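One structure below.
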Amino acid sequence: MTSTLNKEEYTRLLAETLPRIVDTETEHKRLINEVDKLMDLGESLTAEQAELLQLLVLLVKQYEDKHYQLKAATPVDILQELMLTRELKQKDLVDIFGSKGIISEVINGKKSISKNQAKALGTFFHVSPALFL
């Protein structure tokens, strides 16, 4: 794509947008707005706009990779999220854990989920049991 760019037009777009390494939330938001404007053009993007869009996305991604890292979910985090989304209470899982006390210990991180419980949870929630191990 670079070989077919109109250099004057691309230079104009660069001067208008002023893309740079993102090191503040304000700059991040500004570039996100520029990306949105270009995305709104859809199929009518020129080659120069498409090239600029790629550059802006790269700059935004670098910032987000550095500042918005997600922490890995623990088996208990996954269980709690599944319970929340399905509006379940601890008592709804008594058949899997055997008692409300054991469920409470698992939810509070005092006890880990056993392989048998993970298998039963996987079946119950229709997900891989590996999520709970």
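Please note that chains go A, B, ... in the order of the structure tokens, that every chain numbers its residues from 1, and that ligands are numbered from 1 in the order shown.
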
If you take only C-alpha atoms and a cut-off of 12 Å, which residues of range 4-25 of chain A touch range 64-79 of chain A, and what are their nearest atom pairs and distances in Å to one decimal, in chain and number order, as JSON lines?
{"residue": "A:Ile21", "atom": "CA", "partner": "A:Glu64", "partner_atom": "CA", "distance": 11.7}
{"residue": "A:Val22", "atom": "CA", "partner": "A:Glu64", "partner_atom": "CA", "distance": 9.3}
{"residue": "A:Asp23", "atom": "CA", "partner": "A:His67", "partner_atom": "CA", "distance": 9.5}
{"residue": "A:Thr24", "atom": "CA", "partner": "A:His67", "partner_atom": "CA", "distance": 9.9}
{"residue": "A:Glu25", "atom": "CA", "partner": "A:His67", "partner_atom": "CA", "distance": 9.5}

Mind listing the helix (DSSP H, G or I) residues of chain A, per DSSP on the backbone, as a VMD selection string?
chain A and resid 2 to 4 7 to 17 25 to 40 42 to 44 47 to 67 75 to 85 90 to 97 100 to 107 115 to 125 129 to 132

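Note that CA of Lys100 in chain A and CA of Thr123 in chain A are 19.5 Å apart.
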
Applying 8 Å and only C-alpha atoms, which residues near range 43-50 of chain A remain after dropping the ones on its own chain fewer than 4 positions away? List them as a PyMOL selection string.
chain A and resi 1+4-6+9-10+13+38+54

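For the set A:Glu81, A:Glu34, A:Glu87, A:Asp95, the residue with the smallest atom-to-atom gap to Pro19 in chain A is A:Glu34, counting only C-alpha atoms.
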